[in-house]
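S.K.: target27.txt is reproduced in full below (compact mmCIF, C-alpha atoms (C1' of nucleotides)).
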# COMPACT_ATOMS: atom_id res chain seq x y z
CA MET T 396 -102.64 -147.25 150.39
CA ASN T 397 -100.17 -149.31 148.40
CA VAL T 398 -100.44 -149.87 144.71
CA GLN T 399 -101.72 -153.45 144.89
CA THR T 400 -104.60 -152.40 147.11
CA LYS T 401 -105.46 -149.48 144.85
CA ARG T 402 -105.44 -151.77 141.88
CA ALA T 403 -107.66 -154.31 143.61
CA ASN T 404 -109.92 -151.54 144.73
CA LEU T 405 -110.29 -150.27 141.20
CA LYS T 406 -111.00 -153.78 139.95
CA GLU T 407 -113.64 -154.26 142.59
CA ARG T 408 -115.23 -150.90 141.85
CA MET T 409 -115.33 -151.75 138.17
CA VAL T 410 -117.05 -155.07 138.81
CA ASP T 411 -119.54 -153.39 141.11
CA ALA T 412 -120.27 -150.66 138.61
CA ALA T 413 -120.64 -153.18 135.80
CA SER T 414 -122.91 -155.32 137.95
CA ARG T 415 -125.11 -152.36 138.77
CA GLN T 416 -125.32 -151.31 135.15
CA ILE T 417 -126.13 -154.79 133.91
CA ALA T 418 -128.85 -154.99 136.57
CA GLU T 419 -130.18 -151.68 135.33
CA LYS T 420 -129.95 -151.90 131.56
CA GLY T 421 -129.22 -155.53 130.81
CA LEU T 422 -126.28 -157.12 129.08
CA SER T 423 -127.07 -155.59 125.69
CA GLY T 424 -127.15 -152.06 127.10
CA PHE T 425 -123.83 -152.51 128.84
CA ARG T 426 -121.17 -149.98 127.71
CA ALA T 427 -117.46 -149.71 128.46
CA ARG T 428 -117.72 -145.93 128.57
CA ASP T 429 -120.43 -146.06 131.23
CA VAL T 430 -118.25 -148.18 133.48
CA ALA T 431 -115.31 -145.83 133.01
CA ALA T 432 -117.54 -142.86 133.83
CA GLU T 433 -118.93 -144.48 136.98
CA VAL T 434 -115.55 -145.40 138.45
CA ARG T 435 -114.07 -142.10 137.19
CA CYS T 436 -111.21 -143.45 135.18
CA ALA T 437 -110.22 -143.13 131.56
CA LEU T 438 -111.81 -145.41 129.01
CA GLY T 439 -108.54 -147.24 128.49
CA GLY T 440 -108.21 -147.80 132.21
CA ILE T 441 -110.56 -150.74 131.98
CA TYR T 442 -108.03 -152.53 129.81
CA ASN T 443 -105.32 -152.12 132.41
CA VAL T 444 -107.43 -154.27 134.74
CA PHE T 445 -109.28 -156.61 132.37
CA ASP T 446 -108.22 -158.09 129.03
CA ASP T 447 -111.53 -157.06 127.51
CA LEU T 448 -115.15 -156.37 128.38
CA ASP T 449 -115.99 -160.07 128.24
CA THR T 450 -113.61 -160.71 131.11
CA LEU T 451 -115.26 -157.98 133.13
CA ILE T 452 -118.67 -159.54 132.48
CA LEU T 453 -117.29 -162.92 133.58
CA HIS T 454 -116.43 -161.36 136.92
CA VAL T 455 -119.90 -159.86 137.20
CA ASN T 456 -121.36 -163.31 136.59
CA ALA T 457 -119.04 -164.77 139.21
CA ASN T 458 -120.44 -162.29 141.73
CA THR T 459 -123.99 -163.16 140.74
CA LEU T 460 -123.27 -166.87 141.09
CA ASP T 461 -121.79 -166.27 144.54
CA GLN T 462 -124.99 -164.56 145.59
CA LEU T 463 -127.09 -167.37 144.15
CA GLN T 464 -124.91 -169.88 145.94
CA GLU T 465 -125.47 -168.01 149.17
CA ALA T 466 -129.22 -168.00 148.59
CA PHE T 467 -129.10 -171.75 148.00
CA SER T 468 -127.32 -172.20 151.31
CA THR T 469 -130.35 -170.98 153.22
CA ALA T 470 -132.15 -174.14 152.09
CA THR T 471 -129.88 -176.35 154.20
CA SER T 472 -132.16 -175.65 157.15
CA VAL T 473 -134.86 -177.73 155.48
CA ALA T 474 -134.42 -181.27 156.70
CA ASP T 475 -136.73 -183.29 154.48
CA PRO T 476 -134.88 -183.96 151.20
CA THR T 477 -137.89 -183.53 148.92
CA SER T 478 -138.87 -180.31 150.68
CA ARG T 479 -135.27 -179.17 150.38
CA LEU T 480 -135.33 -179.71 146.64
CA LYS T 481 -138.57 -177.77 146.37
CA ALA T 482 -137.06 -174.99 148.44
CA LEU T 483 -134.06 -174.86 146.11
CA ALA T 484 -136.32 -174.63 143.08
CA ARG T 485 -138.30 -171.85 144.75
CA ILE T 486 -135.11 -169.99 145.65
CA TYR T 487 -133.88 -170.34 142.10
CA ALA T 488 -137.10 -168.96 140.65
CA ASP T 489 -137.23 -166.13 143.16
CA PHE T 490 -133.62 -165.20 142.57
CA ALA T 491 -134.17 -165.17 138.84
CA ARG T 492 -137.23 -163.00 139.20
CA GLY T 493 -135.62 -160.66 141.70
CA ASN T 494 -132.39 -160.22 139.77
CA GLN T 495 -133.67 -160.81 136.29
CA ARG T 496 -131.15 -158.90 134.18
CA ARG T 497 -128.16 -160.20 136.08
CA TRP T 498 -129.61 -163.69 136.00
CA ASP T 499 -130.15 -163.36 132.26
CA ALA T 500 -126.51 -162.35 131.92
CA LEU T 501 -125.50 -165.67 133.50
CA PHE T 502 -126.90 -167.51 130.49
CA ASP T 503 -126.90 -164.93 127.72
CA HIS T 504 -123.24 -164.03 127.78
CA ARG T 505 -121.26 -165.87 125.12
CA LEU T 506 -117.53 -165.91 124.58
CA ALA T 507 -116.12 -165.56 121.08
CA GLY T 508 -115.31 -168.78 119.30
CA GLY T 509 -118.03 -170.72 121.08
CA LYS T 510 -115.78 -171.30 124.05
CA GLY T 511 -117.36 -172.03 127.40
CA PRO T 512 -116.55 -170.03 130.53
CA PRO T 513 -113.05 -170.35 132.04
CA ASP T 514 -112.56 -172.99 134.70
CA TRP T 515 -112.66 -170.59 137.62
CA LEU T 516 -116.16 -169.54 136.56
CA ALA T 517 -117.41 -172.97 135.44
CA ALA T 518 -116.54 -174.20 138.92
CA ARG T 519 -119.00 -171.72 140.36
CA TYR T 520 -121.78 -173.01 138.13
CA ALA T 521 -120.94 -176.56 139.17
CA LEU T 522 -121.03 -175.58 142.83
CA LEU T 523 -124.77 -175.04 142.51
CA LEU T 524 -125.21 -178.72 141.72
CA ASP T 525 -123.88 -179.75 145.10
CA HIS T 526 -127.01 -178.35 146.68
CA VAL T 527 -129.07 -180.70 144.51
CA ILE T 528 -126.84 -183.70 144.97
CA LYS T 529 -126.95 -183.66 148.77
CA PRO T 530 -130.71 -184.24 149.23
CA LEU T 531 -130.68 -186.66 146.30
CA LYS T 532 -128.05 -188.73 148.08
CA THR T 533 -130.25 -188.84 151.18
CA LEU T 534 -133.24 -189.96 149.13
CA PHE T 535 -131.34 -192.60 147.16
CA PRO T 536 -128.40 -193.79 149.26
CA ASP T 537 -127.62 -196.61 146.85
CA TRP T 538 -126.97 -194.35 143.86
CA ASN T 539 -123.34 -194.04 142.91
CA ASP T 540 -121.62 -190.79 142.06
CA ALA T 541 -122.14 -191.11 138.32
CA VAL T 542 -125.89 -191.48 138.72
CA LEU T 543 -126.07 -188.63 141.20
CA HIS T 544 -124.00 -186.51 138.84
CA ARG T 545 -126.35 -187.23 135.98
CA ARG T 546 -129.61 -186.92 137.85
CA SER T 547 -128.67 -183.69 139.58
CA ARG T 548 -128.00 -182.12 136.18
CA THR T 549 -131.33 -183.39 134.94
CA MET T 550 -133.20 -181.91 137.86
CA PHE T 551 -131.35 -178.63 137.66
CA GLY T 552 -131.80 -178.43 133.91
CA ALA T 553 -135.50 -179.18 134.08
CA ALA T 554 -136.14 -176.56 136.74
CA HIS T 555 -133.89 -174.12 134.89
CA GLY T 556 -135.89 -174.62 131.72
CA LEU T 557 -139.18 -174.02 133.50
CA VAL T 558 -137.88 -170.84 135.08
CA THR T 559 -136.35 -169.71 131.81
CA ILE T 560 -139.45 -169.99 129.66
CA SER T 561 -141.55 -168.44 132.40
CA LEU T 562 -139.44 -165.38 133.18
CA GLN T 563 -138.23 -164.47 129.74
CA LYS T 564 -141.36 -163.34 128.00
CA ARG T 565 -139.68 -164.56 124.83
CA PHE T 566 -142.30 -167.10 123.72
CA PHE T 567 -144.56 -168.72 126.31
CA GLY T 568 -144.43 -169.39 129.97
CA LEU T 569 -146.23 -169.61 133.26
CA ASP T 570 -147.15 -166.90 135.72
CA GLU T 571 -145.52 -166.73 139.12
CA VAL T 572 -148.08 -168.81 141.00
CA GLN T 573 -148.27 -171.55 138.39
CA LEU T 574 -144.50 -171.63 138.14
CA ARG T 575 -144.20 -172.46 141.82
CA GLN T 576 -146.84 -175.16 141.61
CA GLU T 577 -145.25 -176.72 138.58
CA LEU T 578 -141.79 -176.65 140.14
CA ASP T 579 -143.18 -178.54 143.15
CA MET T 580 -144.86 -181.00 140.84
CA LEU T 581 -141.63 -181.42 138.90
CA VAL T 582 -139.66 -182.23 142.03
CA ASP T 583 -142.30 -184.71 143.18
CA ALA T 584 -142.33 -186.39 139.80
CA LEU T 585 -138.56 -186.68 139.54
CA VAL T 586 -138.18 -187.91 143.11
CA ALA T 587 -140.89 -190.52 142.55
CA GLU T 588 -139.14 -191.85 139.45
CA PRO T 589 -136.16 -193.67 140.84
CA ALA T 590 -135.31 -195.51 137.64
CA ALA T 591 -131.60 -194.93 137.18
CA ARG T 592 -129.84 -197.25 134.82
CA MET B 762 -140.88 -160.50 86.48
CA ASN B 763 -142.96 -157.81 88.12
CA VAL B 764 -141.71 -155.66 90.92
CA GLN B 765 -143.64 -157.36 93.71
CA THR B 766 -142.11 -160.69 92.81
CA LYS B 767 -138.63 -159.21 92.62
CA ARG B 768 -139.09 -157.60 95.97
CA ALA B 769 -140.32 -160.84 97.51
CA ASN B 770 -137.48 -162.67 95.86
CA LEU B 771 -134.96 -160.28 97.34
CA LYS B 772 -136.55 -160.62 100.76
CA GLU B 773 -136.42 -164.38 100.51
CA ARG B 774 -132.82 -164.35 99.36
CA MET B 775 -131.91 -162.09 102.27
CA VAL B 776 -133.56 -164.38 104.80
CA ASP B 777 -131.85 -167.40 103.24
CA ALA B 778 -128.47 -165.70 103.28
CA ALA B 779 -128.96 -164.54 106.86
CA SER B 780 -130.06 -168.03 107.88
CA ARG B 781 -126.98 -169.55 106.28
CA GLN B 782 -124.66 -167.06 107.92
CA ILE B 783 -126.20 -167.48 111.35
CA ALA B 784 -125.85 -171.24 110.93
CA GLU B 785 -122.21 -170.70 110.01
CA LYS B 786 -121.02 -168.03 112.41
CA GLY B 787 -123.73 -167.70 115.00
CA LEU B 788 -125.86 -164.75 115.94
CA SER B 789 -122.96 -162.74 117.34
CA GLY B 790 -120.97 -163.04 114.13
CA PHE B 791 -123.88 -161.97 112.00
CA ARG B 792 -123.15 -158.82 109.93
CA ALA B 793 -125.40 -156.65 107.78
CA ARG B 794 -122.58 -156.17 105.28
CA ASP B 795 -122.16 -159.91 104.82
CA VAL B 796 -125.82 -160.30 103.95
CA ALA B 797 -125.64 -157.44 101.47
CA ALA B 798 -122.55 -159.00 99.88
CA GLU B 799 -124.16 -162.44 99.58
CA VAL B 800 -127.34 -161.21 97.92
CA ARG B 801 -125.33 -158.68 95.88
CA CYS B 802 -127.12 -155.53 96.87
CA ALA B 803 -126.01 -152.33 98.52
CA LEU B 804 -125.73 -152.17 102.28
CA GLY B 805 -128.71 -149.84 102.46
CA GLY B 806 -130.78 -152.23 100.39
CA ILE B 807 -131.45 -154.32 103.46
CA TYR B 808 -133.33 -151.39 104.98
CA ASN B 809 -135.61 -151.14 101.97
CA VAL B 810 -136.86 -154.63 102.84
CA PHE B 811 -136.57 -154.80 106.64
CA ASP B 812 -136.93 -152.09 109.27
CA ASP B 813 -133.68 -153.20 110.86
CA LEU B 814 -131.44 -156.22 111.34
CA ASP B 815 -133.55 -157.45 114.25
CA THR B 816 -136.52 -157.83 111.94
CA LEU B 817 -134.41 -159.84 109.52
CA ILE B 818 -133.33 -162.12 112.37
CA LEU B 819 -136.98 -162.55 113.40
CA HIS B 820 -137.67 -163.89 109.92
CA VAL B 821 -134.73 -166.26 110.16
CA ASN B 822 -136.11 -167.54 113.45
CA ALA B 823 -139.53 -167.96 111.87
CA ASN B 824 -137.95 -170.17 109.22
CA THR B 825 -136.16 -172.19 111.86
CA LEU B 826 -139.37 -172.63 113.83
CA ASP B 827 -141.15 -173.79 110.70
CA GLN B 828 -138.51 -176.46 110.20
CA LEU B 829 -138.75 -177.52 113.82
CA GLN B 830 -142.51 -177.65 113.52
CA GLU B 831 -142.14 -179.88 110.48
CA ALA B 832 -139.75 -182.15 112.36
CA PHE B 833 -142.26 -182.41 115.20
CA SER B 834 -144.93 -183.45 112.72
CA THR B 835 -143.08 -186.67 111.94
CA ALA B 836 -143.85 -187.80 115.50
CA THR B 837 -147.58 -188.04 114.76
CA SER B 838 -146.93 -191.51 113.39
CA VAL B 839 -146.21 -192.72 116.92
CA ALA B 840 -149.50 -193.92 118.36
CA ASP B 841 -148.71 -194.45 122.03
CA PRO B 842 -148.93 -191.06 123.78
CA THR B 843 -145.99 -191.57 126.09
CA SER B 844 -143.83 -192.82 123.24
CA ARG B 845 -144.97 -189.83 121.20
CA LEU B 846 -143.82 -187.45 123.92
CA LYS B 847 -140.47 -189.22 124.09
CA ALA B 848 -140.20 -188.99 120.32
CA LEU B 849 -140.89 -185.26 120.46
CA ALA B 850 -138.22 -184.78 123.10
CA ARG B 851 -135.77 -186.76 120.99
CA ILE B 852 -136.62 -184.76 117.90
CA TYR B 853 -136.16 -181.54 119.84
CA ALA B 854 -132.75 -182.59 121.11
CA ASP B 855 -131.66 -183.82 117.69
CA PHE B 856 -132.82 -180.66 115.98
CA ALA B 857 -130.99 -178.52 118.50
CA ARG B 858 -127.83 -180.52 118.05
CA GLY B 859 -128.09 -180.63 114.28
CA ASN B 860 -128.85 -176.93 113.88
CA GLN B 861 -127.14 -175.62 116.95
CA ARG B 862 -126.38 -172.03 115.95
CA ARG B 863 -129.79 -171.44 114.43
CA TRP B 864 -131.41 -173.10 117.43
CA ASP B 865 -129.37 -170.88 119.73
CA ALA B 866 -130.61 -167.86 117.80
CA LEU B 867 -134.19 -168.85 118.63
CA PHE B 868 -133.52 -168.17 122.29
CA ASP B 869 -130.55 -165.79 122.28
CA HIS B 870 -132.03 -163.06 120.15
CA ARG B 871 -133.43 -160.22 122.23
CA LEU B 872 -135.37 -157.20 121.08
CA ALA B 873 -134.52 -153.78 122.43
CA GLY B 874 -136.59 -152.61 125.38
CA GLY B 875 -137.14 -156.14 126.69
CA LYS B 876 -140.02 -156.66 124.31
CA GLY B 877 -140.98 -160.18 123.36
CA PRO B 878 -141.26 -161.34 119.75
CA PRO B 879 -144.09 -159.93 117.63
CA ASP B 880 -147.34 -161.90 117.55
CA TRP B 881 -146.72 -163.50 114.17
CA LEU B 882 -143.54 -165.05 115.55
CA ALA B 883 -144.84 -165.83 119.06
CA ALA B 884 -147.60 -167.81 117.38
CA ARG B 885 -144.99 -170.05 115.83
CA TYR B 886 -143.42 -170.77 119.21
CA ALA B 887 -146.85 -171.56 120.61
CA LEU B 888 -147.57 -173.91 117.73
CA LEU B 889 -144.90 -176.24 119.07
CA LEU B 890 -146.96 -176.74 122.22
CA ASP B 891 -149.82 -178.28 120.28
CA HIS B 892 -147.65 -181.31 119.62
CA VAL B 893 -147.26 -181.77 123.37
CA ILE B 894 -150.89 -181.07 124.21
CA LYS B 895 -152.30 -183.70 121.88
CA PRO B 896 -150.75 -186.81 123.49
CA LEU B 897 -151.32 -185.28 126.92
CA LYS B 898 -155.01 -185.03 126.17
CA THR B 899 -155.07 -188.70 125.20
CA LEU B 900 -153.35 -189.67 128.43
CA PHE B 901 -155.51 -187.49 130.66
CA PRO B 902 -158.90 -187.05 128.98
CA ASP B 903 -160.39 -185.41 132.07
CA TRP B 904 -157.95 -182.49 132.14
CA ASN B 905 -159.42 -179.20 131.05
CA ASP B 906 -157.75 -176.78 128.68
CA ALA B 907 -156.19 -174.69 131.44
CA VAL B 908 -154.47 -177.70 132.94
CA LEU B 909 -153.33 -178.94 129.55
CA HIS B 910 -152.05 -175.47 128.76
CA ARG B 911 -150.08 -175.35 131.97
CA ARG B 912 -148.73 -178.86 131.91
CA SER B 913 -147.65 -178.74 128.28
CA ARG B 914 -145.56 -175.65 129.08
CA THR B 915 -144.05 -177.44 132.03
CA MET B 916 -143.10 -180.45 129.96
CA PHE B 917 -141.73 -178.36 127.15
CA GLY B 918 -139.84 -176.12 129.53
CA ALA B 919 -138.31 -179.02 131.42
CA ALA B 920 -137.13 -180.74 128.25
CA HIS B 921 -135.95 -177.42 126.85
CA GLY B 922 -133.88 -176.80 129.96
CA LEU B 923 -132.28 -180.22 129.78
CA VAL B 924 -131.39 -179.75 126.13
CA THR B 925 -130.15 -176.22 126.77
CA ILE B 926 -127.72 -177.04 129.55
CA SER B 927 -126.50 -180.09 127.65
CA LEU B 928 -125.84 -178.50 124.26
CA GLN B 929 -124.51 -175.13 125.27
CA LYS B 930 -121.20 -175.97 126.84
CA ARG B 931 -121.80 -172.91 128.96
CA PHE B 932 -121.63 -174.50 132.40
CA PHE B 933 -122.51 -178.18 132.81
CA GLY B 934 -124.54 -180.70 130.94
CA LEU B 935 -124.97 -184.24 129.76
CA ASP B 936 -123.52 -186.03 126.79
CA GLU B 937 -125.70 -187.12 123.90
CA VAL B 938 -126.46 -190.63 125.17
CA GLN B 939 -127.25 -189.55 128.72
CA LEU B 940 -129.37 -186.69 127.43
CA ARG B 941 -131.63 -189.12 125.58
CA GLN B 942 -131.95 -191.38 128.59
CA GLU B 943 -132.76 -188.52 130.89
CA LEU B 944 -135.32 -187.10 128.48
CA ASP B 945 -137.07 -190.46 128.43
CA MET B 946 -136.94 -190.59 132.21
CA LEU B 947 -138.32 -187.07 132.40
CA VAL B 948 -141.28 -187.95 130.21
CA ASP B 949 -142.01 -191.08 132.22
CA ALA B 950 -141.83 -189.14 135.46
CA LEU B 951 -144.09 -186.34 134.31
CA VAL B 952 -146.60 -188.72 132.78
CA ALA B 953 -146.68 -190.80 135.97
CA GLU B 954 -147.40 -187.71 138.09
CA PRO B 955 -150.97 -186.88 137.19
CA ALA B 956 -151.50 -184.46 140.08
CA ALA B 957 -152.99 -181.41 138.47
CA ARG B 958 -154.63 -179.01 140.84
C1' DG G 431 -138.67 -141.05 73.85
C1' DA G 432 -140.22 -138.43 77.94
C1' DC G 433 -141.48 -138.20 82.41
C1' DA G 434 -142.88 -139.42 87.18
C1' DA G 435 -142.59 -142.82 90.68
C1' DA G 436 -140.23 -146.36 92.84
C1' DA G 437 -136.11 -148.85 93.95
C1' DA G 438 -131.30 -149.21 94.66
C1' DT G 439 -127.04 -147.17 95.85
C1' DG G 440 -123.03 -146.24 98.87
C1' DA G 441 -120.89 -142.39 101.18
C1' DA G 442 -121.43 -140.54 105.58
C1' DC G 443 -122.71 -140.62 110.60
C1' DG G 444 -122.78 -141.88 115.33
C1' DA G 445 -121.74 -145.39 118.56
C1' DT G 446 -118.86 -149.00 120.24
C1' DG G 447 -114.69 -151.94 121.80
C1' DT G 448 -109.91 -151.69 121.68
C1' DT G 449 -105.09 -149.81 121.17
C1' DC G 450 -101.05 -147.17 122.25
C1' DA G 451 -98.00 -143.16 122.31
C1' DA G 452 -97.92 -139.60 125.59
C1' DT G 453 -98.39 -138.08 130.27
C1' DG G 454 -98.48 -138.39 135.20
C1' DT G 455 -97.02 -140.40 139.69
C1' DG G 456 -95.04 -142.60 143.63
C1' DG G 457 -91.34 -144.53 146.04
C1' DG G 458 -86.47 -145.78 146.30
C1' DT G 459 -81.63 -143.80 146.07
C1' DG G 460 -77.54 -140.92 146.41
C1' DC D 572 -84.21 -132.93 149.20
C1' DA D 573 -83.72 -133.60 144.42
C1' DC D 574 -83.55 -136.95 141.06
C1' DC D 575 -85.21 -140.65 138.51
C1' DC D 576 -87.37 -144.62 136.52
C1' DA D 577 -90.74 -148.21 136.49
C1' DC D 578 -95.34 -148.35 136.16
C1' DA D 579 -100.01 -146.70 136.21
C1' DT D 580 -103.15 -143.63 133.82
C1' DT D 581 -104.84 -141.05 130.16
C1' DG D 582 -107.75 -140.03 126.08
C1' DA D 583 -107.24 -139.30 121.20
C1' DA D 584 -107.28 -142.26 117.38
C1' DC D 585 -108.74 -146.51 114.91
C1' DA D 586 -111.52 -150.26 113.03
C1' DT D 587 -115.93 -151.98 112.79
C1' DC D 588 -120.61 -151.97 113.54
C1' DG D 589 -125.90 -150.61 112.31
C1' DT D 590 -128.37 -147.08 110.25
C1' DT D 591 -129.62 -142.97 107.34
C1' DC D 592 -130.55 -140.34 103.27
C1' DA D 593 -129.38 -137.46 99.27
C1' DT D 594 -128.38 -139.09 94.88
C1' DT D 595 -128.60 -142.13 91.01
C1' DT D 596 -130.67 -145.81 88.44
C1' DT D 597 -134.47 -148.45 86.99
C1' DT D 598 -139.24 -149.17 85.95
C1' DG D 599 -143.87 -148.37 84.22
C1' DT D 600 -146.94 -145.59 81.28
C1' DC D 601 -148.37 -142.56 77.70
Turn the structure described in the file into structure tokens.
M.R.:
Amino acid sequence: MNVQTKRANLKERMVDAASRQIAEKGLSGFRARDVAAEVRCALGGIYNVFDDLDTLILHVNANTLDQLQEAFSTATSVADPTSRLKALARIYADFARGNQRRWDALFDHRLAGGKGPPDWLAARYALLLDHVIKPLKTLFPDWNDAVLHRRSRTMFGAAHGLVTISLQKRFFGLDEVQLRQELDMLVDALVAEPAAR
Amino acid sequence: MNVQTKRANLKERMVDAASRQIAEKGLSGFRARDVAAEVRCALGGIYNVFDDLDTLILHVNANTLDQLQEAFSTATSVADPTSRLKALARIYADFARGNQRRWDALFDHRLAGGKGPPDWLAARYALLLDHVIKPLKTLFPDWNDAVLHRRSRTMFGAAHGLVTISLQKRFFGLDEVQLRQELDMLVDALVAEPAAR
DNA sequence: GACAAAAATGAACGATGTTCAATGTGGGTG
DNA sequence: CACCCACATTGAACATCGTTCATTTTTGTC
């Protein structure tokens, strides 16, 4: 095994270990020393692969987003656009519930200096929107790209907010059954309101 | 000045200092030593007043929620229910933008062990919902409390999600003008969809 | 002024992310 | 095969946190 492969292997093992530990203990319980112990390298070894722990977490989030993206892809089998949008919302809620700590990490993790995620990760977030845009385009063929761009973010944001307040017990929310009903209602409402200036 | 007053005074000064520092540097840049320095007490003095830093942050968030609650109250002058809901959404977005770091702290702060906020703070979050419930009840007088309860959380959550993805540059969002337009659209859509099973 | 109770102090502790001089290693070369 | 050097790996050390607690200072009362 050459040195590039070993290096890549170590990187991959670190991301996997970090992902598992975030899933287990959450972002706040995530420790550099635990990752080093799990992949059996020295503490400093992490910094030969990643600039800092934040960068490692960014890679964990990239993996999580890839899985979410894959889950979204299963909705393409639903032909009716409105049903497709409801399916996406359901998938989103289920994924969040089934991978709660890693899903939390997607939105809890902040970079120092208030900077957003690097482009290679932001692109993965944006990729999720394509799944919303496609059925929207079918429903409203006369909408231009700017309107689709805007409305897809609105729909995603609204559903995201519903899921957020429901899953994080932080203040108030809805139980699982109500959440699904309200997500369906939300899609119906937004699809029935074609006003786009 | 008796000792109770002095103690209360110190507590208040600590919360104010913490609030100012969170507004300035965000939750992640918040340091116990900075608070102690600003109120001119020893580091350990904080722990004579609060169990830990988390408790101090909870009090900061309570203050922020009180201010948000007060801002919501100004919307009661709007008579038309739909316009009132739009005003509330606007106020929410403006407050979040105008007090971004303190608003972030409302939703970023997590207690150890995945516990939600204590009752005295959760009640303040719930108080915000009353402002949504009131115009909803005017619009749909036949809805019972359970439906109002559910739908108000849906509306709040949807608007909250829109504001969240737009203000936190984290992945994608809308600019200020589009955010307002989409919030109005969201209210119209949800008010026009009276289906409540 | 003396004394007990309460409050305030800040040095010390353990935990954490990060650094870097020291050590180990693998593959090319004579 | 022995040598060697570039590079990977190590883990002790460091700075910075939140938190604790023995000690000191202040306060209230007689």
S.K.: Residues of chain B within 12 Å of chain D, using only C-alpha atoms (C1' of nucleotides), as a list of chain:residue names?
M.R.: B:Met762, B:Asn763, B:Val764, B:Ser789, B:Gly790, B:Phe791, B:Arg792, B:Ala793, B:Arg794, B:Asp795, B:Leu804, B:Gly805, B:Gly806, B:Ile807, B:Tyr808, B:Asn809, B:Phe811, B:Asp812, B:Asp813, B:Leu814, B:Asp815
S.K.: Pick out the chain G residues within 9 Å of chain T. Count only C-alpha atoms (C1' of nucleotides). Give them as a compact mmCIF listing (two decimals) with C-alpha atoms (C1' of nucleotides), in the frame of the given file.
M.R.:
# COMPACT_ATOMS: atom_id res chain seq x y z
C1' DT G 446 -118.86 -149.00 120.24
C1' DG G 447 -114.69 -151.94 121.80
C1' DT G 448 -109.91 -151.69 121.68
C1' DT G 449 -105.09 -149.81 121.17
S.K.: Return the neighbours of chain B among the residues of chain T, cut-off 8 Å, counting only C-alpha atoms, as a ChimeraX atom specification.
M.R.: /T:502-503,510-512,517,520-521,545-546,548-549,552-560,564-569,573,577,580-581,583-585,587-588,590
S.K.: Rounded to one decimal, what separation in Å do you get between CA of Leu897 (chain B) and CA of Ala854 (chain B)?
M.R.: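 For CA of Leu897 (chain B) relative to CA of Ala854 (chain B), the distance reads 19.6 Å.
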S.K.: Kindly give the distance, in Å, that separates CA of Ala418 (chain T) and CA of Lys481 (chain T), rounded to a single decimal.
M.R.: 26.6 Å
S.K.: Quick one: residues within 12 Å of Ser414 (chain T), all atoms listed in the file, excluding same-chain residues fewer than 2 positions away - as a PyMOL selection string?
M.R.: chain T and resi 407-412+416-422+425-426+429-430+433+451-460+494+496-498+500-501
S.K.: Could you check how far CA of Arg435 (chain T) sits from CA of Leu405 (chain T), in Å to one decimal?
M.R.: 9.9 Å
S.K.: With 5 Å on each side, where is the centre of the axis-aligned box around all listed atoms of region 574-587 of chain D, and how long are its edges in Å to one decimal, as JSON?
M.R.:
{"center_x": -99.7, "center_y": -144.5, "center_z": 126.9, "size_x": 42.4, "size_y": 25.0, "size_z": 38.3}
S.K.: Using only C-alpha atoms (C1' of nucleotides), give me every residue within 6 Å of (-128.4, -152.3, 93.9) in file coordinates, as a short mmCIF file (atom, residue, chain, number, x, y, z; two decimals) with C-alpha atoms (C1' of nucleotides), in the coordinates of the input.
M.R.:
data_model
loop_
_atom_site.label_atom_id
_atom_site.label_comp_id
_atom_site.auth_asym_id
_atom_site.auth_seq_id
_atom_site.Cartn_x
_atom_site.Cartn_y
_atom_site.Cartn_z
CA CYS B 802 -127.12 -155.53 96.87
CA ALA B 803 -126.01 -152.33 98.52
"C1'" DA G 438 -131.30 -149.21 94.66
"C1'" DT G 439 -127.04 -147.17 95.85
#
S.K.: For Arg941 (chain B), which of B:Tyr853, B:Leu909, B:Trp881, B:Leu889 is the closest residue, counting only C-alpha atoms?
M.R.: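 Going through B:Tyr853, B:Leu909, B:Trp881, B:Leu889 one by one, the smallest distance to Arg941 (chain B) is for B:Tyr853.
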